[in-house]
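A quick write-up on the structure given underneath.
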Amino acid sequence: QVQLEESGGGLVQAGGSLRLSCAASGRTVSTNAMGWFRQAPGKEREFVAAIRWSGVSTYYADSVKGRFTISRDNAKSTVYLQMNSLKPEDTAVYYCAAGAIFATSAQVMSSPTMYLYWGQGTQVTVSS
């Protein structure tokens, strides 16, 4: 089992920044990829960004490219999501996820069904 704990959410004004953290514990060696997803009220969960523990490849949703950056610290088993130039439409609960994904396509990496473990989520609210 792998446990994931997100932190760093909060309330920020449009144009501001936040950094989310996701600390992984347990049998992390069983996973090779981490992702961030978000879900706004009344909407489906959507992909935000993903990274492999090797750090070689990163993936982003078009809506966050150039504004968000995903990174990892293997020594701390922690993945980060730096969010800059935040917009009101970024308001959502952000979830961290982990999985063992061996395909390399962005389509696969962005699919929530590929991730086995999920955190409880952290709320991000961007005011206009």
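Chain labels run A, B, ... following the order of the structure tokens; each chain numbers its residues from 1, and ligands are numbered from 1 in the order shown.
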
Item to check | Surrounding residues of Ala40 of chain A excluding itself and chain neighbours under 5 positions, 7 Å, only C-alpha atoms, as number ranges by chain | outcome: A: 91-93

Mind the document's chain letters and residue numbers, and return as a compact mmCIF listing (two decimals) with C-alpha atoms, in the first residue's frame the residues of chain A that DSSP labels strand (DSSP E or B).
# COMPACT_ATOMS: atom_id res chain seq x y z
CA VAL A 2 1.02 3.58 -0.65
CA GLN A 3 -0.24 6.52 1.36
CA LEU A 4 -0.34 10.02 -0.11
CA GLU A 5 -0.79 13.24 1.80
CA GLU A 6 -1.29 16.58 0.05
CA SER A 7 -0.62 19.96 1.58
CA GLY A 10 -5.40 27.66 0.33
CA LEU A 11 -6.97 30.89 -0.81
CA VAL A 12 -5.07 33.14 -3.19
CA GLN A 13 -5.91 36.08 -5.41
CA LEU A 18 0.80 28.38 -4.50
CA ARG A 19 2.95 25.30 -4.13
CA LEU A 20 1.30 21.99 -3.43
CA SER A 21 3.20 19.10 -1.89
CA CYS A 22 2.41 15.40 -1.94
CA ALA A 23 4.31 13.20 0.49
CA ALA A 24 4.29 9.50 -0.31
CA SER A 25 4.87 6.76 2.22
CA GLY A 26 4.58 3.01 2.38
CA ALA A 33 4.71 7.80 -11.65
CA MET A 34 2.94 10.55 -9.75
CA GLY A 35 0.17 12.77 -10.97
CA TRP A 36 -1.90 15.75 -9.95
CA PHE A 37 -5.57 15.91 -10.77
CA ARG A 38 -8.26 18.40 -9.82
CA GLN A 39 -12.00 18.44 -9.47
CA GLU A 46 -9.35 16.30 -14.70
CA PHE A 47 -5.67 15.77 -15.26
CA VAL A 48 -3.27 18.56 -14.32
CA ALA A 49 0.30 17.22 -14.46
CA ALA A 50 2.34 14.06 -14.06
CA ILE A 51 5.94 13.05 -13.56
CA ARG A 52 7.90 9.85 -13.32
CA THR A 58 6.76 15.46 -17.33
CA TYR A 59 3.25 15.91 -18.68
CA TYR A 60 0.86 18.84 -18.45
CA PHE A 68 2.34 25.09 -13.46
CA THR A 69 5.49 23.07 -12.85
CA ILE A 70 5.63 19.55 -11.44
CA SER A 71 8.79 18.34 -9.74
CA ARG A 72 9.89 15.60 -7.37
CA ASP A 73 12.34 15.02 -4.54
CA THR A 78 7.60 14.06 -2.31
CA VAL A 79 6.14 15.56 -5.46
CA TYR A 80 5.44 19.26 -5.83
CA LEU A 81 3.15 21.32 -8.01
CA GLN A 82 4.23 24.94 -8.33
CA MET A 83 1.26 26.95 -9.53
CA ALA A 92 -10.75 23.02 -7.33
CA VAL A 93 -9.80 20.26 -4.97
CA TYR A 94 -6.38 19.04 -6.05
CA TYR A 95 -5.56 15.37 -5.69
CA CYS A 96 -2.23 13.62 -5.76
CA ALA A 97 -2.08 10.14 -7.28
CA ALA A 98 0.50 7.40 -7.70
CA GLY A 99 0.70 4.43 -10.00
CA TYR A 117 -3.35 5.33 -5.06
CA TRP A 118 -4.96 8.66 -4.26
CA THR A 122 -6.38 19.82 -0.84
CA GLN A 123 -8.59 22.79 -1.66
CA VAL A 124 -7.28 25.56 -3.87
CA THR A 125 -9.44 28.66 -4.19
CA VAL A 126 -8.50 31.53 -6.48
CA SER A 127 -10.45 34.73 -5.99

Item to check | Point-to-point distance from atom CA of Ser17 of chain A to atom CA of Ser77 of chain A, Å rounded to tenths | outcome: 22.9 Å

Checklist entry - How far is it from atom CA of Ala106 of chain A to atom CA of Gln1 of chain A, in Å with one decimal? => result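 For atom CA of Ala106 of chain A relative to atom CA of Gln1 of chain A, the distance reads 25.4 Å.
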
Item to check | atom CA of Ser30 of chain A to atom CA of Ala103 of chain A, distance in Å rounded to a single decimal | outcome: 15.5 Å

Next on the checklist: If you run DSSP on the backbone here, which positions in segment 51-124 of chain A get alpha helix (DSSP H)? Please write them as a list in words.
Outcome noted: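 Taking segment 51-124 of chain A and keeping alpha helix (DSSP H) gives Ala106, Gln107, Val108 and Met109 of chain A.
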
Requested write-out: all heavy atoms of the selected residues, as a CSV table (one decimal), in the first residue's frame:
chain,number,residue,atom,x,y,z
A,106,ALA,N,1.3,10.5,-23.4
A,106,ALA,CA,0.7,11.5,-22.6
A,106,ALA,C,-0.8,11.1,-22.3
A,106,ALA,O,-1.3,11.4,-21.2
A,106,ALA,CB,0.7,12.9,-23.2
A,107,GLN,N,-1.4,10.5,-23.2
A,107,GLN,CA,-2.8,10.1,-23.1
A,107,GLN,C,-2.9,9.1,-21.9
A,107,GLN,O,-3.8,9.2,-21.1
A,107,GLN,CB,-3.3,9.4,-24.4
A,107,GLN,CG,-4.8,9.0,-24.3
A,107,GLN,CD,-5.3,8.5,-25.6
A,107,GLN,OE1,-4.6,8.3,-26.5
A,107,GLN,NE2,-6.6,8.3,-25.7
A,108,VAL,N,-2.0,8.2,-21.8
A,108,VAL,CA,-2.0,7.2,-20.8
A,108,VAL,C,-1.6,7.8,-19.4
A,108,VAL,O,-2.3,7.6,-18.4
A,108,VAL,CB,-1.0,6.0,-21.0
A,108,VAL,CG1,-0.9,5.1,-19.8
A,108,VAL,CG2,-1.5,5.2,-22.2
A,109,MET,N,-0.6,8.7,-19.4
A,109,MET,CA,-0.2,9.3,-18.2
A,109,MET,C,-1.3,10.2,-17.6
A,109,MET,O,-1.3,10.5,-16.4
A,109,MET,CB,1.1,10.1,-18.4
A,109,MET,CG,2.3,9.2,-18.6
A,109,MET,SD,2.8,8.3,-17.2
A,109,MET,CE,3.3,9.6,-16.1

Next on the checklist: For a quick check of understanding, using only C-alpha atoms, which of A:Ala14, A:Ala75, A:Val56, A:Arg45 has the smallest distance to Thr104 of chain A?
Outcome noted: A:Val56

Item to check | Within 7 Å of Met114 of chain A using only C-alpha atoms, minus same-chain residues under 2 positions, as JSON, numbers by chain | outcome: {"A": [99, 101, 111, 112, 116]}
